[in-house]
>>> print(open('work_15.pdb').read())   # PDB, C-alpha atoms, pLDDT in the B column
ATOM      1  CA  MET A   2      -2.092  28.896 -10.854  1.00 67.00           C
ATOM      2  CA  PRO A   3      -1.690  25.878  -8.546  1.00 73.00           C
ATOM      3  CA  ILE A   4      -3.259  22.616  -9.747  1.00 76.00           C
ATOM      4  CA  PRO A   5      -4.894  20.916  -6.766  1.00 85.00           C
ATOM      5  CA  LEU A   6      -4.720  17.177  -6.237  1.00 92.00           C
ATOM      6  CA  SER A   7      -8.268  16.900  -4.970  1.00 96.00           C
ATOM      7  CA  LEU A   8     -10.137  13.872  -3.645  1.00 98.00           C
ATOM      8  CA  SER A   9     -13.152  15.879  -2.557  1.00 96.00           C
ATOM      9  CA  GLY A  10     -16.229  13.689  -2.111  1.00 96.00           C
ATOM     10  CA  LYS A  11     -14.229  10.451  -2.297  1.00 98.00           C
ATOM     11  CA  VAL A  12     -14.077   7.662   0.274  1.00 98.00           C
ATOM     12  CA  ALA A  13     -10.868   5.695   0.670  1.00 98.00           C
ATOM     13  CA  LEU A  14      -9.826   2.492   2.407  1.00 98.00           C
ATOM     14  CA  ILE A  15      -6.120   2.484   3.284  1.00 98.00           C
ATOM     15  CA  THR A  16      -4.630  -0.598   4.881  1.00 98.00           C
ATOM     16  CA  GLY A  17      -1.772  -0.419   7.352  1.00 96.00           C
ATOM     17  CA  GLY A  18      -2.666   3.214   7.959  1.00 96.00           C
ATOM     18  CA  SER A  19      -1.488   3.783  11.505  1.00 94.00           C
ATOM     19  CA  ARG A  20       2.187   4.446  10.773  1.00 94.00           C
ATOM     20  CA  GLY A  21       4.849   4.816   8.098  1.00 95.00           C
ATOM     21  CA  ILE A  22       3.717   5.072   4.488  1.00 96.00           C
ATOM     22  CA  GLY A  23       0.145   4.291   5.484  1.00 97.00           C
ATOM     23  CA  ALA A  24      -0.154   7.127   7.986  1.00 97.00           C
ATOM     24  CA  ALA A  25       1.419   9.578   5.542  1.00 97.00           C
ATOM     25  CA  THR A  26      -1.116   8.484   2.931  1.00 98.00           C
ATOM     26  CA  VAL A  27      -4.040   8.857   5.338  1.00 98.00           C
ATOM     27  CA  ARG A  28      -2.927  12.416   6.144  1.00 98.00           C
ATOM     28  CA  MET A  29      -2.537  13.362   2.487  1.00 98.00           C
ATOM     29  CA  PHE A  30      -5.875  11.877   1.474  1.00 98.00           C
ATOM     30  CA  VAL A  31      -7.730  13.718   4.232  1.00 98.00           C
ATOM     31  CA  ALA A  32      -5.914  16.945   3.330  1.00 97.00           C
ATOM     32  CA  ALA A  33      -7.068  16.409  -0.270  1.00 98.00           C
ATOM     33  CA  GLY A  34     -10.696  16.164   0.878  1.00 98.00           C
ATOM     34  CA  ALA A  35     -11.281  12.410   1.148  1.00 98.00           C
ATOM     35  CA  LYS A  36     -12.958  10.514   3.945  1.00 98.00           C
ATOM     36  CA  VAL A  37     -10.690   7.672   5.021  1.00 98.00           C
ATOM     37  CA  VAL A  38     -11.070   4.352   6.763  1.00 98.00           C
ATOM     38  CA  PHE A  39      -7.792   2.710   7.721  1.00 98.00           C
ATOM     39  CA  ASN A  40      -6.924  -0.451   9.535  1.00 97.00           C
ATOM     40  CA  TYR A  41      -4.279  -1.292  12.081  1.00 95.00           C
ATOM     41  CA  GLN A  42      -3.288  -4.493  13.815  1.00 91.00           C
ATOM     42  CA  ARG A  43      -1.184  -3.672  16.878  1.00 88.00           C
ATOM     43  CA  ALA A  44      -0.536   0.086  16.757  1.00 90.00           C
ATOM     44  CA  GLY A  45      -3.777   1.088  18.434  1.00 91.00           C
ATOM     45  CA  ARG A  46      -2.374   4.119  20.198  1.00 94.00           C
ATOM     46  CA  LEU A  47      -0.889   5.516  16.991  1.00 96.00           C
ATOM     47  CA  ALA A  48      -4.170   4.904  15.179  1.00 97.00           C
ATOM     48  CA  GLU A  49      -6.123   6.717  17.882  1.00 96.00           C
ATOM     49  CA  HIS A  50      -3.772   9.697  17.765  1.00 97.00           C
ATOM     50  CA  LEU A  51      -4.104   9.878  13.987  1.00 98.00           C
ATOM     51  CA  VAL A  52      -7.902   9.972  14.200  1.00 98.00           C
ATOM     52  CA  GLN A  53      -7.712  12.697  16.835  1.00 97.00           C
ATOM     53  CA  GLU A  54      -5.307  14.679  14.674  1.00 98.00           C
ATOM     54  CA  LEU A  55      -7.439  14.497  11.532  1.00 98.00           C
ATOM     55  CA  GLY A  56     -10.881  14.439  13.142  1.00 98.00           C
ATOM     56  CA  PRO A  57     -13.318  11.525  13.529  1.00 97.00           C
ATOM     57  CA  GLU A  58     -15.578  13.168  10.963  1.00 98.00           C
ATOM     58  CA  ASN A  59     -12.820  12.608   8.408  1.00 98.00           C
ATOM     59  CA  CYS A  60     -11.403   9.192   9.246  1.00 97.00           C
ATOM     60  CA  LEU A  61     -12.063   5.971  11.094  1.00 98.00           C
ATOM     61  CA  ALA A  62      -9.522   3.500  12.463  1.00 98.00           C
ATOM     62  CA  VAL A  63     -10.455  -0.188  12.487  1.00 98.00           C
ATOM     63  CA  ALA A  64      -8.592  -2.957  14.279  1.00 97.00           C
ATOM     64  CA  CYS A  65      -8.302  -5.682  11.665  1.00 96.00           C
ATOM     65  CA  ASP A  66      -5.864  -8.559  11.206  1.00 94.00           C
ATOM     66  CA  LEU A  67      -5.181  -8.890   7.488  1.00 96.00           C
ATOM     67  CA  SER A  68      -3.414 -12.219   7.594  1.00 91.00           C
ATOM     68  CA  SER A  69      -5.826 -14.030   5.249  1.00 89.00           C
ATOM     69  CA  THR A  70      -8.784 -13.364   2.974  1.00 92.00           C
ATOM     70  CA  ALA A  71     -11.235 -13.799   5.841  1.00 91.00           C
ATOM     71  CA  THR A  72     -11.477 -10.229   7.161  1.00 95.00           C
ATOM     72  CA  ALA A  73     -11.373  -8.346   3.855  1.00 96.00           C
ATOM     73  CA  ARG A  74     -15.149  -8.396   3.294  1.00 96.00           C
ATOM     74  CA  GLU A  75     -15.750  -7.059   6.799  1.00 96.00           C
ATOM     75  CA  LEU A  76     -13.261  -4.214   6.399  1.00 97.00           C
ATOM     76  CA  VAL A  77     -14.782  -3.113   3.097  1.00 97.00           C
ATOM     77  CA  ALA A  78     -18.263  -3.288   4.652  1.00 97.00           C
ATOM     78  CA  VAL A  79     -17.176  -1.097   7.566  1.00 97.00           C
ATOM     79  CA  ALA A  80     -15.914   1.582   5.161  1.00 98.00           C
ATOM     80  CA  VAL A  81     -19.178   1.572   3.207  1.00 98.00           C
ATOM     81  CA  LYS A  82     -21.269   1.646   6.363  1.00 98.00           C
ATOM     82  CA  ARG A  83     -19.318   4.562   7.849  1.00 98.00           C
ATOM     83  CA  PHE A  84     -19.132   6.820   4.786  1.00 98.00           C
ATOM     84  CA  GLY A  85     -21.730   5.392   2.401  1.00 97.00           C
ATOM     85  CA  ARG A  86     -19.517   4.324  -0.481  1.00 98.00           C
ATOM     86  CA  LEU A  87     -15.980   3.295  -1.446  1.00 98.00           C
ATOM     87  CA  ASP A  88     -14.069   4.978  -4.268  1.00 98.00           C
ATOM     88  CA  LEU A  89     -10.399   4.312  -3.493  1.00 98.00           C
ATOM     89  CA  LEU A  90      -8.428   1.347  -2.184  1.00 98.00           C
ATOM     90  CA  VAL A  91      -4.782   1.582  -1.172  1.00 98.00           C
ATOM     91  CA  ALA A  92      -3.369  -1.820  -0.217  1.00 98.00           C
ATOM     92  CA  ASN A  93      -0.351  -0.729   1.783  1.00 97.00           C
ATOM     93  CA  HIS A  94      -0.067  -3.307   4.565  1.00 96.00           C
ATOM     94  CA  GLY A  95       2.541  -6.035   4.541  1.00 94.00           C
ATOM     95  CA  VAL A  96       5.280  -7.861   6.390  1.00 94.00           C
ATOM     96  CA  TRP A  97       9.004  -8.042   5.663  1.00 90.00           C
ATOM     97  CA  PRO A  98      10.793 -10.576   7.892  1.00 91.00           C
ATOM     98  CA  PRO A  99      14.048  -8.705   8.637  1.00 85.00           C
ATOM     99  CA  GLU A 100      16.236 -11.747   9.282  1.00 90.00           C
ATOM    100  CA  ASP A 101      18.005 -13.197   6.255  1.00 91.00           C
ATOM    101  CA  ALA A 102      16.547 -16.600   5.414  1.00 96.00           C
ATOM    102  CA  PRO A 103      18.384 -18.737   2.834  1.00 97.00           C
ATOM    103  CA  ILE A 104      15.889 -20.708   0.804  1.00 97.00           C
ATOM    104  CA  ASP A 105      17.039 -24.037   2.226  1.00 97.00           C
ATOM    105  CA  GLN A 106      16.498 -22.726   5.750  1.00 97.00           C
ATOM    106  CA  MET A 107      13.282 -20.735   5.333  1.00 97.00           C
ATOM    107  CA  SER A 108      10.502 -22.300   7.341  1.00 97.00           C
ATOM    108  CA  ASP A 109       7.200 -23.278   5.804  1.00 97.00           C
ATOM    109  CA  ALA A 110       5.518 -21.133   8.462  1.00 97.00           C
ATOM    110  CA  GLN A 111       7.377 -17.988   7.373  1.00 97.00           C
ATOM    111  CA  TRP A 112       6.591 -18.635   3.704  1.00 97.00           C
ATOM    112  CA  ARG A 113       2.892 -19.174   4.397  1.00 97.00           C
ATOM    113  CA  ASN A 114       2.601 -16.147   6.685  1.00 97.00           C
ATOM    114  CA  THR A 115       4.276 -13.768   4.238  1.00 97.00           C
ATOM    115  CA  LEU A 116       2.047 -14.933   1.394  1.00 97.00           C
ATOM    116  CA  SER A 117      -1.067 -14.774   3.548  1.00 97.00           C
ATOM    117  CA  VAL A 118      -0.468 -11.192   4.685  1.00 96.00           C
ATOM    118  CA  ASN A 119       1.107  -9.717   1.561  1.00 97.00           C
ATOM    119  CA  LEU A 120      -0.908 -11.487  -1.123  1.00 97.00           C
ATOM    120  CA  ASP A 121      -3.951 -13.457   0.037  1.00 97.00           C
ATOM    121  CA  SER A 122      -5.441 -10.555   1.988  1.00 97.00           C
ATOM    122  CA  VAL A 123      -4.865  -8.183  -0.941  1.00 98.00           C
ATOM    123  CA  PHE A 124      -6.805 -10.546  -3.194  1.00 98.00           C
ATOM    124  CA  GLY A 125      -9.693 -10.457  -0.717  1.00 98.00           C
ATOM    125  CA  LEU A 126      -9.625  -6.679  -0.433  1.00 98.00           C
ATOM    126  CA  ILE A 127      -9.623  -6.196  -4.194  1.00 98.00           C
ATOM    127  CA  LYS A 128     -12.385  -8.747  -4.682  1.00 98.00           C
ATOM    128  CA  HIS A 129     -14.808  -7.066  -2.289  1.00 98.00           C
ATOM    129  CA  THR A 130     -13.774  -3.521  -3.204  1.00 98.00           C
ATOM    130  CA  VAL A 131     -14.396  -4.168  -6.890  1.00 98.00           C
ATOM    131  CA  ALA A 132     -17.801  -5.655  -6.099  1.00 98.00           C
ATOM    132  CA  GLN A 133     -18.719  -2.448  -4.265  1.00 98.00           C
ATOM    133  CA  MET A 134     -17.315  -0.211  -6.993  1.00 98.00           C
ATOM    134  CA  LYS A 135     -19.328  -2.037  -9.643  1.00 97.00           C
ATOM    135  CA  LYS A 136     -22.493  -1.451  -7.606  1.00 96.00           C
ATOM    136  CA  GLN A 137     -21.745   2.260  -7.539  1.00 96.00           C
ATOM    137  CA  ALA A 138     -21.146   2.308 -11.307  1.00 87.00           C
ATOM    138  CA  GLN A 139     -18.701   5.205 -10.969  1.00 92.00           C
ATOM    139  CA  PRO A 140     -14.940   5.413 -11.510  1.00 92.00           C
ATOM    140  CA  GLY A 141     -12.756   3.908  -8.809  1.00 98.00           C
ATOM    141  CA  HIS A 142      -9.045   3.672  -8.124  1.00 98.00           C
ATOM    142  CA  ILE A 143      -6.999   0.837  -6.672  1.00 98.00           C
ATOM    143  CA  VAL A 144      -3.327   1.318  -5.799  1.00 98.00           C
ATOM    144  CA  LEU A 145      -1.208  -1.600  -4.606  1.00 98.00           C
ATOM    145  CA  VAL A 146       2.055  -0.928  -2.798  1.00 98.00           C
ATOM    146  CA  SER A 147       4.712  -3.254  -4.185  1.00 97.00           C
ATOM    147  CA  SER A 148       8.507  -2.875  -3.942  1.00 95.00           C
ATOM    148  CA  THR A 149      11.716  -2.801  -5.929  1.00 92.00           C
ATOM    149  CA  SER A 150      12.208  -6.381  -4.736  1.00 92.00           C
ATOM    150  CA  GLY A 151       9.102  -7.351  -6.675  1.00 93.00           C
ATOM    151  CA  GLN A 152      10.926  -6.380  -9.872  1.00 92.00           C
ATOM    152  CA  ARG A 153      14.524  -7.454  -9.299  1.00 90.00           C
ATOM    153  CA  GLY A 154      14.147  -9.967  -6.449  1.00 90.00           C
ATOM    154  CA  GLU A 155      15.832  -9.886  -3.054  1.00 91.00           C
ATOM    155  CA  ALA A 156      18.355 -12.453  -1.911  1.00 93.00           C
ATOM    156  CA  PHE A 157      17.449 -14.207   1.341  1.00 95.00           C
ATOM    157  CA  HIS A 158      13.932 -12.733   1.198  1.00 95.00           C
ATOM    158  CA  CYS A 159      12.351 -14.747  -1.593  1.00 97.00           C
ATOM    159  CA  ASP A 160       9.022 -14.879   0.241  1.00 97.00           C
ATOM    160  CA  TYR A 161       8.720 -11.098   0.313  1.00 97.00           C
ATOM    161  CA  ALA A 162       9.962 -10.662  -3.267  1.00 97.00           C
ATOM    162  CA  ALA A 163       7.530 -13.299  -4.533  1.00 98.00           C
ATOM    163  CA  THR A 164       4.535 -11.529  -3.003  1.00 98.00           C
ATOM    164  CA  LYS A 165       5.556  -8.105  -4.267  1.00 97.00           C
ATOM    165  CA  GLY A 166       6.166  -9.467  -7.752  1.00 97.00           C
ATOM    166  CA  ALA A 167       2.746 -11.085  -7.660  1.00 98.00           C
ATOM    167  CA  LEU A 168       1.137  -7.730  -6.847  1.00 98.00           C
ATOM    168  CA  ILE A 169       2.686  -6.251  -9.979  1.00 98.00           C
ATOM    169  CA  SER A 170       1.283  -9.108 -12.057  1.00 98.00           C
ATOM    170  CA  MET A 171      -2.131  -8.563 -10.473  1.00 98.00           C
ATOM    171  CA  VAL A 172      -1.989  -4.895 -11.441  1.00 98.00           C
ATOM    172  CA  LYS A 173      -1.148  -5.767 -15.050  1.00 98.00           C
ATOM    173  CA  GLY A 174      -4.015  -8.210 -15.391  1.00 98.00           C
ATOM    174  CA  LEU A 175      -6.642  -6.360 -13.376  1.00 98.00           C
ATOM    175  CA  SER A 176      -6.000  -3.033 -15.102  1.00 98.00           C
ATOM    176  CA  THR A 177      -7.164  -4.417 -18.444  1.00 98.00           C
ATOM    177  CA  GLU A 178      -9.950  -6.468 -16.866  1.00 98.00           C
ATOM    178  CA  LEU A 179     -11.450  -3.538 -14.989  1.00 98.00           C
ATOM    179  CA  ALA A 180     -10.814  -0.624 -17.368  1.00 98.00           C
ATOM    180  CA  PRO A 181     -14.189  -1.059 -19.101  1.00 97.00           C
ATOM    181  CA  GLN A 182     -15.865  -0.502 -15.727  1.00 96.00           C
ATOM    182  CA  GLY A 183     -13.876   2.675 -15.109  1.00 97.00           C
ATOM    183  CA  ILE A 184     -11.778   1.113 -12.354  1.00 98.00           C
ATOM    184  CA  TYR A 185      -8.122   2.078 -12.452  1.00 98.00           C
ATOM    185  CA  VAL A 186      -5.508  -0.307 -11.044  1.00 98.00           C
ATOM    186  CA  ASN A 187      -1.952   0.897 -10.503  1.00 98.00           C
ATOM    187  CA  CYS A 188       1.063   0.154  -8.373  1.00 98.00           C
ATOM    188  CA  VAL A 189       3.575   2.240  -6.440  1.00 98.00           C
ATOM    189  CA  ALA A 190       6.875   0.450  -5.910  1.00 96.00           C
ATOM    190  CA  PRO A 191       8.992   1.988  -3.146  1.00 95.00           C
ATOM    191  CA  GLY A 192      12.593   1.196  -2.444  1.00 90.00           C
ATOM    192  CA  TRP A 193      14.022   1.596   1.048  1.00 85.00           C
ATOM    193  CA  VAL A 194      11.903   3.964   3.138  1.00 90.00           C
ATOM    194  CA  ASP A 195      12.448   5.256   6.658  1.00 85.00           C
ATOM    195  CA  THR A 196       9.717   3.270   8.447  1.00 81.00           C
ATOM    196  CA  ASP A 197       9.358   0.995  11.447  1.00 76.00           C
ATOM    197  CA  MET A 198       9.454  -2.058   9.177  1.00 77.00           C
ATOM    198  CA  SER A 199      12.831  -1.153   7.692  1.00 75.00           C
ATOM    199  CA  ALA A 200      14.304   0.154  10.949  1.00 78.00           C
ATOM    200  CA  PRO A 201      16.119  -3.083  11.936  1.00 79.00           C
ATOM    201  CA  ALA A 202      18.095  -3.067   8.688  1.00 79.00           C
ATOM    202  CA  LEU A 203      18.647   0.686   8.558  1.00 82.00           C
ATOM    203  CA  ASN A 204      19.842   0.813  12.171  1.00 83.00           C
ATOM    204  CA  ASP A 205      22.473  -1.885  11.645  1.00 83.00           C
ATOM    205  CA  PRO A 206      25.657  -0.170  10.362  1.00 82.00           C
ATOM    206  CA  LYS A 207      26.621  -3.114   8.152  1.00 80.00           C
ATOM    207  CA  THR A 208      23.300  -3.495   6.392  1.00 83.00           C
ATOM    208  CA  ARG A 209      22.762   0.274   6.317  1.00 84.00           C
ATOM    209  CA  ASP A 210      25.988   0.834   4.371  1.00 82.00           C
ATOM    210  CA  ALA A 211      25.112  -1.939   1.952  1.00 82.00           C
ATOM    211  CA  ILE A 212      21.632  -0.495   1.426  1.00 82.00           C
ATOM    212  CA  PHE A 213      22.865   3.039   0.792  1.00 83.00           C
ATOM    213  CA  SER A 214      25.395   1.767  -1.725  1.00 80.00           C
ATOM    214  CA  THR A 215      22.545   0.547  -3.942  1.00 84.00           C
ATOM    215  CA  ILE A 216      20.672   3.870  -4.013  1.00 87.00           C
ATOM    216  CA  PRO A 217      21.987   6.393  -6.556  1.00 89.00           C
ATOM    217  CA  MET A 218      20.419   9.293  -4.649  1.00 89.00           C
ATOM    218  CA  GLY A 219      22.360   8.261  -1.557  1.00 88.00           C
ATOM    219  CA  ARG A 220      19.497   8.176   0.917  1.00 88.00           C
ATOM    220  CA  VAL A 221      16.324   6.312   1.776  1.00 89.00           C
ATOM    221  CA  GLY A 222      12.891   7.703   1.079  1.00 91.00           C
ATOM    222  CA  LYS A 223      10.490   9.477   3.372  1.00 95.00           C
ATOM    223  CA  PRO A 224       6.954   8.091   3.862  1.00 96.00           C
ATOM    224  CA  GLU A 225       5.513  11.291   2.401  1.00 97.00           C
ATOM    225  CA  GLU A 226       7.521  10.737  -0.775  1.00 97.00           C
ATOM    226  CA  ILE A 227       5.639   7.475  -1.314  1.00 97.00           C
ATOM    227  CA  ALA A 228       2.260   8.831  -0.245  1.00 98.00           C
ATOM    228  CA  ALA A 229       2.322  11.660  -2.784  1.00 97.00           C
ATOM    229  CA  PRO A 230       2.494   9.395  -5.889  1.00 98.00           C
ATOM    230  CA  ILE A 231      -0.262   7.245  -4.371  1.00 98.00           C
ATOM    231  CA  LEU A 232      -2.394  10.371  -4.037  1.00 98.00           C
ATOM    232  CA  PHE A 233      -1.670  11.439  -7.609  1.00 98.00           C
ATOM    233  CA  LEU A 234      -2.725   8.055  -9.004  1.00 98.00           C
ATOM    234  CA  CYS A 235      -6.116   8.446  -7.311  1.00 98.00           C
ATOM    235  CA  THR A 236      -6.901  11.874  -8.790  1.00 97.00           C
ATOM    236  CA  GLU A 237      -8.393  13.012 -12.069  1.00 95.00           C
ATOM    237  CA  HIS A 238      -4.918  14.027 -13.237  1.00 96.00           C
ATOM    238  CA  ALA A 239      -4.094  10.311 -13.587  1.00 97.00           C
ATOM    239  CA  GLY A 240      -7.177   9.760 -15.730  1.00 96.00           C
ATOM    240  CA  PHE A 241      -5.305   8.010 -18.550  1.00 97.00           C
ATOM    241  CA  ILE A 242      -3.023   5.868 -16.383  1.00 98.00           C
ATOM    242  CA  THR A 243      -3.779   2.275 -15.498  1.00 98.00           C
ATOM    243  CA  GLY A 244      -1.616  -0.845 -15.197  1.00 98.00           C
ATOM    244  CA  GLU A 245       1.404   1.267 -14.315  1.00 97.00           C
ATOM    245  CA  VAL A 246       4.281   0.493 -11.930  1.00 97.00           C
ATOM    246  CA  PHE A 247       5.302   3.842 -10.441  1.00 96.00           C
ATOM    247  CA  ASN A 248       8.862   3.446  -9.135  1.00 95.00           C
ATOM    248  CA  VAL A 249       9.746   5.644  -6.141  1.00 95.00           C
ATOM    249  CA  ASN A 250      13.169   4.467  -5.038  1.00 93.00           C
ATOM    250  CA  GLY A 251      15.853   7.064  -5.707  1.00 91.00           C
ATOM    251  CA  GLY A 252      16.964   5.168  -8.815  1.00 90.00           C
ATOM    252  CA  ALA A 253      17.695   1.969  -6.904  1.00 85.00           C
ATOM    253  CA  VAL A 254      15.732  -0.305  -9.211  1.00 81.00           C
ATOM    254  CA  LEU A 255      18.012   0.740 -12.070  1.00 78.00           C
ATOM    255  CA  ALA A 256      21.244   0.187 -10.179  1.00 69.00           C
ATOM    256  CA  GLY A 257      20.650  -3.058  -8.333  1.00 55.00           C
TER     257      GLY A 257
END
>>> encode(input="work_15.pdb", output="structure tokens")
Amino acid sequence: MPIPLSLSGKVALITGGSRGIGAATVRMFVAAGAKVVFNYQRAGRLAEHLVQELGPENCLAVACDLSSTATARELVAVAVKRFGRLDLLVANHGVWPPEDAPIDQMSDAQWRNTLSVNLDSVFGLIKHTVAQMKKQAQPGHIVLVSSTSGQRGEAFHCDYAATKGALISMVKGLSTELAPQGIYVNCVAPGWVDTDMSAPALNDPKTRDAIFSTIPMGRVGKPEEIAAPILFLCTEHAGFITGEVFNVNGGAVLAG
């Protein structure tokens, strides 16, 4: 007998939902019965197509620049206004500057921007999501999307690695803080995935060969292969899991 991964009756906020891992997660959550609000920054056409595909009764796309804490409250409020509650948060958005930047050459502007998008805005989203979940007094799930680089670092990308490592530390602390309120906090840590963000590196033969050499499974991941663990962590079948780092990277984190 199949065991369904159901999110029936749940409302989710998924950031960076117009493409890549985010879009795959939006599709899976709607297929599992959830109502979904997702944000996008520049990919308006992709966001519109996704809403048309899944139905406006099931999801809502919101143009929102998550480059600071300032817009997080508004985005959470939009989700609650549209569907009446908020049960699930997936913080998937982020930036990865593709050009190598040695630490002595990395600009202050790049450092500040990466931290603002990848970390500050996540703090704001969690803060306002938790406030809403506590009002509802029902179980909630938060999943942060980190990276293998948050665990083993990444040369020439210390800004990105620092933010992804910080997300893992947030998960560890918040999971114990929020468990008494029935709020689960977990992390999915992808390796290299076939997305627009990784395309510059994966399309360059030199970097592509170097990347593949670090992955024991010999390939990069598919967005759906990251979305599925995110879905699982938001279902009742993950009812005794919190504070966990769920590695989805073809074994790369063990071989790097």
>>> atom_distance(input="work_15.pdb", atom1="atom CA of Val91 of chain A", atom2="atom CA of Glu155 of chain A")
23.7 Å
>>> closest_residue(input="work_15.pdb", among="A:Val194, A:Leu89, A:Val38, A:Leu255", to="Arg153 of chain A", atoms="all atoms listed in the file")
A:Leu255
>>> resolve_selection(input="work_15.pdb", expression="the PyMOL selection byres ((chain A and resi 218) around 12)", output="PyMOL selection string")
chain A and resi 192-193+212-217+219-222+249-256
>>> resolve_selection(input="work_15.pdb", expression="the PyMOL selection byres ((chain A and resi 55-69) around 10)", output="JSON, numbers by chain")
{"A": [12, 13, 14, 15, 16, 17, 18, 19, 27, 28, 30, 31, 32, 34, 35, 36, 37, 38, 39, 40, 41, 42, 43, 44, 45, 47, 48, 49, 50, 51, 52, 53, 54, 70, 71, 72, 73, 75, 76, 79, 80, 83, 84, 94, 95, 96, 113, 114, 115, 116, 117, 118, 119, 120, 121, 122, 123, 124, 125, 126]}
>>> residues_around(input="work_15.pdb", residues="Asp160 of chain A", least_positions_apart="4", cutoff="9 Å", atoms="all atoms listed in the file", output="MDAnalysis selection string")
chainID A and resid 97:98 107 111:113 115:116 164:165
>>> resolve_selection(input="work_15.pdb", expression="the PyMOL selection byres ((chain A and resi 4) around 12)", output="PyMOL selection string")
chain A and resi 2-3+5-7+33+233+236-238
>>> atom_distance(input="work_15.pdb", atom1="atom CA of Pro201 of chain A", atom2="atom CA of Pro99 of chain A")
6.8 Å
>>> closest_residue(input="work_15.pdb", among="A:Thr208, A:Ser9, A:Thr243, A:Thr196", to="Ile22 of chain A", atoms="all atoms listed in the file")
A:Thr196
>>> atom_distance(input="work_15.pdb", atom1="atom CA of Phe247 of chain A", atom2="atom CA of Leu8 of chain A")
19.6 Å
>>> closest_residue(input="work_15.pdb", among="A:Asn187, A:Ile104, A:Asn204, A:Val81", to="Cys159 of chain A", atoms="all atoms listed in the file")
A:Ile104
>>> closest_residue(input="work_15.pdb", among="A:Ile143, A:Phe241, A:Met198, A:Pro191", to="Glu226 of chain A", atoms="all atoms listed in the file")
A:Pro191
>>> closest_residue(input="work_15.pdb", among="A:Lys11, A:Ile242, A:Lys82, A:Phe157", to="Asp101 of chain A", atoms="all atoms listed in the file")
A:Phe157
>>> residues_around(input="work_15.pdb", residues="Ala180 of chain A", least_positions_apart="3", cutoff="10 Å", atoms="only C-alpha atoms", output="PyMOL selection string")
chain A and resi 140-141+175-177+183-186+243-244
>>> write_last_selection(input="work_15.pdb", atoms="C-alpha atoms", output="tab-separated table (two decimals), in the frame of the given file")
chain	number	residue	atom	x	y	z
A	140	PRO	CA	-14.94	5.41	-11.51
A	141	GLY	CA	-12.76	3.91	-8.81
A	175	LEU	CA	-6.64	-6.36	-13.38
A	176	SER	CA	-6.00	-3.03	-15.10
A	177	THR	CA	-7.16	-4.42	-18.44
A	183	GLY	CA	-13.88	2.68	-15.11
A	184	ILE	CA	-11.78	1.11	-12.35
A	185	TYR	CA	-8.12	2.08	-12.45
A	186	VAL	CA	-5.51	-0.31	-11.04
A	243	THR	CA	-3.78	2.28	-15.50
A	244	GLY	CA	-1.62	-0.84	-15.20
>>> build_atoms(input="work_15.pdb", residues="segment 183-195 of chain A", atoms="N, CA and C atoms", output="CSV table (one decimal), in the frame of the given file")
chain,number,residue,atom,x,y,z
A,183,GLY,N,-14.4,1.4,-15.6
A,183,GLY,CA,-13.9,2.7,-15.1
A,183,GLY,C,-13.1,2.5,-13.8
A,184,ILE,N,-12.6,1.4,-13.6
A,184,ILE,CA,-11.8,1.1,-12.4
A,184,ILE,C,-10.3,1.1,-12.7
A,185,TYR,N,-9.5,2.0,-12.2
A,185,TYR,CA,-8.1,2.1,-12.5
A,185,TYR,C,-7.3,1.2,-11.4
A,186,VAL,N,-6.3,0.5,-11.9
A,186,VAL,CA,-5.5,-0.3,-11.0
A,186,VAL,C,-4.0,0.0,-11.3
A,187,ASN,N,-3.4,0.5,-10.3
A,187,ASN,CA,-2.0,0.9,-10.5
A,187,ASN,C,-1.1,0.4,-9.3
A,188,CYS,N,0.2,0.6,-9.4
A,188,CYS,CA,1.1,0.2,-8.4
A,188,CYS,C,2.1,1.2,-8.1
A,189,VAL,N,2.4,1.4,-6.8
A,189,VAL,CA,3.6,2.2,-6.4
A,189,VAL,C,4.6,1.3,-5.8
A,190,ALA,N,5.8,1.4,-6.3
A,190,ALA,CA,6.9,0.4,-5.9
A,190,ALA,C,8.0,1.2,-5.2
A,191,PRO,N,7.9,1.3,-3.9
A,191,PRO,CA,9.0,2.0,-3.1
A,191,PRO,C,10.3,1.2,-3.1
A,192,GLY,N,11.4,1.9,-2.9
A,192,GLY,CA,12.6,1.2,-2.4
A,192,GLY,C,12.7,1.3,-0.9
A,193,TRP,N,13.9,1.5,-0.4
A,193,TRP,CA,14.0,1.6,1.0
A,193,TRP,C,13.4,2.9,1.5
A,194,VAL,N,12.6,2.8,2.6
A,194,VAL,CA,11.9,4.0,3.1
A,194,VAL,C,12.1,3.9,4.6
A,195,ASP,N,12.2,5.1,5.2
A,195,ASP,CA,12.4,5.3,6.7
A,195,ASP,C,11.2,5.0,7.4
